[in-house]
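Undergrad: Next comes the structure file coords-v3.cif, holding mmCIF, C-alpha atoms.
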data_my_file
#
loop_
_atom_site.group_PDB
_atom_site.id
_atom_site.type_symbol
_atom_site.label_atom_id
_atom_site.label_comp_id
_atom_site.auth_asym_id
_atom_site.auth_seq_id
_atom_site.Cartn_x
_atom_site.Cartn_y
_atom_site.Cartn_z
ATOM 1 C CA MET A 1 157.673 73.783 41.155
ATOM 2 C CA ASN A 2 155.812 70.872 39.646
ATOM 3 C CA LEU A 3 152.455 70.026 41.214
ATOM 4 C CA SER A 4 150.424 66.922 40.483
ATOM 5 C CA LEU A 5 146.977 66.405 42.007
ATOM 6 C CA THR A 6 143.516 65.166 41.121
ATOM 7 C CA LEU A 7 141.066 67.998 40.491
ATOM 8 C CA ASN A 8 137.421 66.971 40.137
ATOM 9 C CA GLY A 9 138.477 63.473 39.132
ATOM 10 C CA LYS A 10 141.074 64.557 36.568
ATOM 11 C CA LEU A 11 144.839 64.297 37.067
ATOM 12 C CA ILE A 12 146.372 67.765 36.731
ATOM 13 C CA GLN A 13 150.082 68.517 36.472
ATOM 14 C CA ASP A 14 151.308 72.080 36.407
ATOM 15 C CA ASP A 15 154.438 74.084 37.043
ATOM 16 C CA ILE A 16 153.516 76.659 39.685
ATOM 17 C CA PRO A 17 155.218 79.224 41.902
ATOM 18 C CA ALA A 18 155.967 77.909 45.405
ATOM 19 C CA ASP A 19 153.748 80.553 47.000
ATOM 20 C CA MET A 20 150.604 79.888 44.916
ATOM 21 C CA VAL A 21 147.525 79.230 47.057
ATOM 22 C CA LEU A 22 145.075 76.475 46.206
ATOM 23 C CA LEU A 23 142.393 79.038 45.317
ATOM 24 C CA ASP A 24 144.537 80.445 42.521
ATOM 25 C CA PHE A 25 145.411 76.946 41.325
ATOM 26 C CA VAL A 26 141.807 75.737 40.983
ATOM 27 C CA ARG A 27 140.757 78.974 39.275
ATOM 28 C CA ARG A 28 143.749 78.677 36.925
ATOM 29 C CA HIS A 29 142.290 75.314 35.920
ATOM 30 C CA GLY A 30 138.784 76.605 35.200
ATOM 31 C CA CYS A 31 137.084 76.055 38.545
ATOM 32 C CA TYR A 32 135.555 79.467 39.099
ATOM 33 C CA SER A 33 133.078 78.450 41.803
ATOM 34 C CA ALA A 34 135.807 79.024 44.396
ATOM 35 C CA LYS A 35 135.958 82.780 44.816
ATOM 36 C CA ARG A 36 138.250 85.306 46.417
ATOM 37 C CA GLY A 37 136.384 87.178 49.126
ATOM 38 C CA CYS A 38 138.216 88.258 52.236
ATOM 39 C CA GLU A 39 141.633 86.593 51.800
ATOM 40 C CA THR A 40 141.714 86.171 55.572
ATOM 41 C CA ALA A 41 140.002 82.741 55.837
ATOM 42 C CA ASN A 42 136.820 84.283 57.265
ATOM 43 C CA CYS A 43 134.170 84.309 54.534
ATOM 44 C CA GLY A 44 133.940 80.749 53.162
ATOM 45 C CA LEU A 45 133.758 81.863 49.504
ATOM 46 C CA CYS A 46 136.864 79.868 48.596
ATOM 47 C CA THR A 47 135.743 76.545 50.131
ATOM 48 C CA VAL A 48 136.858 73.395 48.320
ATOM 49 C CA PHE A 49 137.189 69.784 49.455
ATOM 50 C CA LEU A 50 140.700 68.488 50.037
ATOM 51 C CA ASP A 51 140.420 64.710 50.311
ATOM 52 C CA ASP A 52 136.673 65.210 50.951
ATOM 53 C CA VAL A 53 137.219 67.659 53.839
ATOM 54 C CA PRO A 54 136.187 71.310 53.387
ATOM 55 C CA VAL A 55 139.116 73.738 53.462
ATOM 56 C CA LEU A 56 139.499 77.435 52.791
ATOM 57 C CA SER A 57 141.572 77.386 49.615
ATOM 58 C CA CYS A 58 142.774 80.974 50.079
ATOM 59 C CA SER A 59 144.832 79.849 53.057
ATOM 60 C CA VAL A 60 146.230 76.534 51.771
ATOM 61 C CA LEU A 61 149.365 76.477 49.662
ATOM 62 C CA ALA A 62 148.667 74.601 46.438
ATOM 63 C CA LEU A 63 151.760 72.434 47.004
ATOM 64 C CA ARG A 64 150.104 71.083 50.192
ATOM 65 C CA ALA A 65 147.607 69.371 47.874
ATOM 66 C CA ALA A 66 150.293 67.444 45.991
ATOM 67 C CA GLY A 67 149.162 63.887 45.313
ATOM 68 C CA ARG A 68 145.777 64.556 46.883
ATOM 69 C CA LYS A 69 142.199 64.907 45.684
ATOM 70 C CA VAL A 70 140.693 68.390 45.327
ATOM 71 C CA THR A 71 136.987 68.830 44.602
ATOM 72 C CA THR A 72 135.232 72.071 43.742
ATOM 73 C CA LEU A 73 131.546 72.672 43.185
ATOM 74 C CA GLU A 74 132.142 71.950 39.487
ATOM 75 C CA GLY A 75 132.917 68.370 40.527
ATOM 76 C CA LEU A 76 129.698 68.027 42.549
ATOM 77 C CA GLN A 77 127.144 69.146 39.974
ATOM 78 C CA GLU A 78 124.551 66.400 40.534
ATOM 79 C CA GLU A 79 124.642 66.710 44.306
ATOM 80 C CA ALA A 80 124.647 70.498 44.115
ATOM 81 C CA ALA A 81 121.805 70.805 41.595
ATOM 82 C CA GLU A 82 119.410 68.856 43.787
ATOM 83 C CA PHE A 83 120.196 70.905 46.885
ATOM 84 C CA GLY A 84 120.520 74.237 45.031
ATOM 85 C CA ALA A 85 116.892 74.134 43.958
ATOM 86 C CA PHE A 86 115.833 74.318 47.615
ATOM 87 C CA ILE A 87 118.056 77.350 48.251
ATOM 88 C CA ALA A 88 116.663 79.068 45.150
ATOM 89 C CA ASP A 89 113.095 78.258 46.197
ATOM 90 C CA GLN A 90 113.657 80.298 49.366
ATOM 91 C CA GLY A 91 115.113 83.244 47.422
ATOM 92 C CA ALA A 92 118.389 82.750 49.281
ATOM 93 C CA GLU A 93 120.640 82.974 46.255
ATOM 94 C CA GLN A 94 120.035 86.688 45.671
ATOM 95 C CA CYS A 95 123.339 87.744 44.083
ATOM 96 C CA GLY A 96 124.743 84.201 44.111
ATOM 97 C CA PHE A 97 128.302 85.196 44.974
ATOM 98 C CA CYS A 98 128.429 83.258 48.255
ATOM 99 C CA ASN A 99 126.361 80.275 47.113
ATOM 100 C CA PRO A 100 129.206 78.004 45.958
ATOM 101 C CA GLY A 101 130.996 78.213 49.319
ATOM 102 C CA LEU A 102 127.733 77.758 51.204
ATOM 103 C CA MET A 103 126.824 74.768 49.047
ATOM 104 C CA MET A 104 130.241 73.154 49.537
ATOM 105 C CA ASN A 105 129.917 73.436 53.306
ATOM 106 C CA ALA A 106 126.291 72.298 53.309
ATOM 107 C CA ILE A 107 127.200 69.224 51.238
ATOM 108 C CA ALA A 108 129.978 68.462 53.726
ATOM 109 C CA LEU A 109 127.451 68.807 56.553
ATOM 110 C CA PHE A 110 124.956 66.474 54.818
ATOM 111 C CA ARG A 111 127.677 63.866 54.363
ATOM 112 C CA GLU A 112 128.833 64.133 57.968
ATOM 113 C CA ASN A 113 125.431 64.493 59.611
ATOM 114 C CA PRO A 114 122.373 63.666 57.485
ATOM 115 C CA ASP A 115 119.964 64.713 60.248
ATOM 116 C CA PRO A 116 121.378 67.872 61.891
ATOM 117 C CA THR A 117 119.502 70.101 64.302
ATOM 118 C CA GLU A 118 119.009 73.784 63.521
ATOM 119 C CA ASP A 119 121.823 74.679 65.914
ATOM 120 C CA GLU A 120 124.152 72.159 64.250
ATOM 121 C CA ILE A 121 123.368 73.640 60.818
ATOM 122 C CA LYS A 122 124.075 77.149 62.096
ATOM 123 C CA ALA A 123 127.330 76.066 63.739
ATOM 124 C CA TYR A 124 128.552 74.224 60.640
ATOM 125 C CA LEU A 125 127.825 77.152 58.350
ATOM 126 C CA ALA A 126 129.009 79.898 60.720
ATOM 127 C CA GLY A 127 132.052 80.651 58.550
ATOM 128 C CA ASN A 128 130.011 81.477 55.440
ATOM 129 C CA LEU A 129 129.388 85.164 54.991
ATOM 130 C CA CYS A 130 126.502 86.420 52.868
ATOM 131 C CA ARG A 131 125.842 90.102 52.344
ATOM 132 C CA CYS A 132 122.407 89.698 50.736
ATOM 133 C CA SER A 133 120.255 87.050 52.340
ATOM 134 C CA GLY A 134 120.282 87.460 56.103
ATOM 135 C CA TYR A 135 120.808 83.667 56.348
ATOM 136 C CA GLU A 136 117.187 82.797 57.181
ATOM 137 C CA GLY A 137 116.362 81.818 53.594
ATOM 138 C CA GLN A 138 119.478 79.673 53.448
ATOM 139 C CA LEU A 139 118.514 77.982 56.707
ATOM 140 C CA ARG A 140 114.948 77.374 55.474
ATOM 141 C CA GLY A 141 116.302 75.963 52.198
ATOM 142 C CA ILE A 142 118.630 73.584 54.024
ATOM 143 C CA GLN A 143 115.850 72.449 56.358
ATOM 144 C CA ALA A 144 113.428 71.935 53.445
ATOM 145 C CA TYR A 145 116.045 69.933 51.563
ATOM 146 C CA LEU A 146 116.770 67.743 54.586
ATOM 147 C CA ALA A 147 113.037 67.130 55.146
ATOM 148 C CA TRP A 148 112.629 66.193 51.472
ATOM 149 C CA LYS A 149 115.626 63.849 51.665
ATOM 150 C CA LYS A 150 114.185 62.198 54.770
ATOM 151 C CA GLU A 151 110.820 61.651 53.050
ATOM 152 C CA ASN A 152 112.456 60.252 49.922
ATOM 153 C CA ARG A 153 115.100 57.977 51.469
ATOM 154 C CA PRO A 154 115.044 54.468 50.031
#
Can you give me the file's structure in the form of C-alpha cells?
TA:
Amino acid sequence: MNLSLTLNGKLIQDDIPADMVLLDFVRRHGCYSAKRGCETANCGLCTVFLDDVPVLSCSVLALRAAGRKVTTLEGLQEEAAEFGAFIADQGAEQCGFCNPGLMMNAIALFRENPDPTEDEIKAYLAGNLCRCSGYEGQLRGIQAYLAWKKENRP
C-alpha cells in the first residue's frame, strides 16, 4: 500500500505492507531515536509526535498516519539539545536507551504546561520506563530545566 506523510518536515512516500506499524516506518526512514522496547505500549521508548501529539508508534499502524505530520526526536534537535543538557547534568542518561522517548514526552509536557508541578511531571512521564536511573535524576533535570527556562524567559 502506498503511504504519503510528512516526516520531520519532509514529504515521504513509500510502498508498505498494510500491517506495518509507525515505529517500523520511521526507523525504515532513518529515524532511529524511536526504539522497540516492550511492544505492548507500556515503555514509552517508541514515542513520536503525530500531528504534535505524543503517540506510542509501536501500537499505531503506519497507514493511520497517511497525510499527517510525524515528528521524531531527529526533527526536534534544537529543542532537545537544550533540554538534554539538563538531563545529562544530573547523570540521568546512564545508558541512554530510554532518553529519546523521555525527551519526546517531556517536550510535549513543556509545550502543554510550561510550569508543571512535580506531581504533574510525574503523571505525564509515568509511561516512560527506565531501567538505569531510578527516575530521580530525570525529575531533577526536568525541574532544573524548567527553572532555567523561567529565569530566562523574554
Undergrad: Translate the PyMOL selection byres ((chain A and resi 15-31) around 12) into a concrete residue list for this structure, as JSON, numbers by chain.
TA: {"A": [1, 2, 3, 4, 5, 6, 7, 8, 10, 11, 12, 13, 14, 32, 33, 34, 35, 36, 37, 39, 41, 44, 45, 46, 47, 48, 49, 50, 55, 56, 57, 58, 59, 60, 61, 62, 63, 64, 65, 66, 68, 69, 70, 71, 72, 73, 74, 75, 76, 100]}
Undergrad: Might you pull out every residue within 6 Å of Phe86 in chain A, with all atoms listed in the file counted and same-chain residues fewer than 2 positions away left off, and present them as a list in words?
TA: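 Neighbouring residues, sequence-local ones excluded: Phe83, Gly84, Ala88, Asp89, Gly141 and Tyr145 of chain A.
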Undergrad: Running the PyMOL selection byres ((chain A and resi 107) around 12) on this model by hand, what would come out? Give it as number ranges by chain.
TA: A: 47-49, 52-54, 71-73, 76-84, 99-106, 108-114, 121, 124-125, 142, 145-146
Undergrad: Kindly indicate which residue among A:Phe97, A:Gly9, A:Asp51, A:Cys43 lies nearest to Cys132 in chain A, using only C-alpha atoms for the distances.
TA: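 Closest to Cys132 in chain A of all the choices is A:Phe97.
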Undergrad: Name the residues captured by the PyMOL selection byres ((chain A and resi 137) around 8) when it is applied to the shown file; answer as a PyMOL selection string.
TA: chain A and resi 87+90-92+133-136+138-141
Undergrad: Find the distance between CA of Gly67 in chain A and CA of Gly127 in chain A and write it in Å to one decimal.
TA: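 One can read the CA of Gly67 in chain A to CA of Gly127 in chain A distance as 27.4 Å.
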Undergrad: Please return the centre and edge lengths, in Å to one decimal, of a box with edges along x, y and z that contains all listed atoms of range 128-136 of chain A, widened by 5 Å on every side, as JSON.
TA:
{"center_x": 123.6, "center_y": 85.8, "center_z": 54.0, "size_x": 22.8, "size_y": 18.6, "size_z": 16.4}
Undergrad: Determine the nearest neighbour of Asp115 in chain A from the options A:Thr40, A:Gln143, A:Gln94, A:Asn128, counting only C-alpha atoms.
TA: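 Of A:Thr40, A:Gln143, A:Gln94, A:Asn128, the one nearest Asp115 in chain A is A:Gln143, counting only C-alpha atoms.
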Undergrad: Name the closest residue to Ala147 in chain A among the candidates A:Ala126, A:Asn42, A:Arg131, A:Thr117; distances are taken between atoms, counting only C-alpha atoms.
TA: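 Closest to Ala147 in chain A, using only C-alpha atoms: A:Thr117.
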Undergrad: Could you tell me how far CA of Arg153 in chain A sits from CA of Glu118 in chain A, in Å to one decimal place?
TA: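 Going from CA of Glu118 in chain A over to CA of Arg153 in chain A covers 20.3 Å.
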Undergrad: So, with all atoms listed in the file as the atoms that count, which of A:Cys95, A:Leu129, A:Ala85, A:Ala123 lies closest to Ala144 in chain A?
TA: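 Closest residue, counting all atoms listed in the file: A:Ala85.
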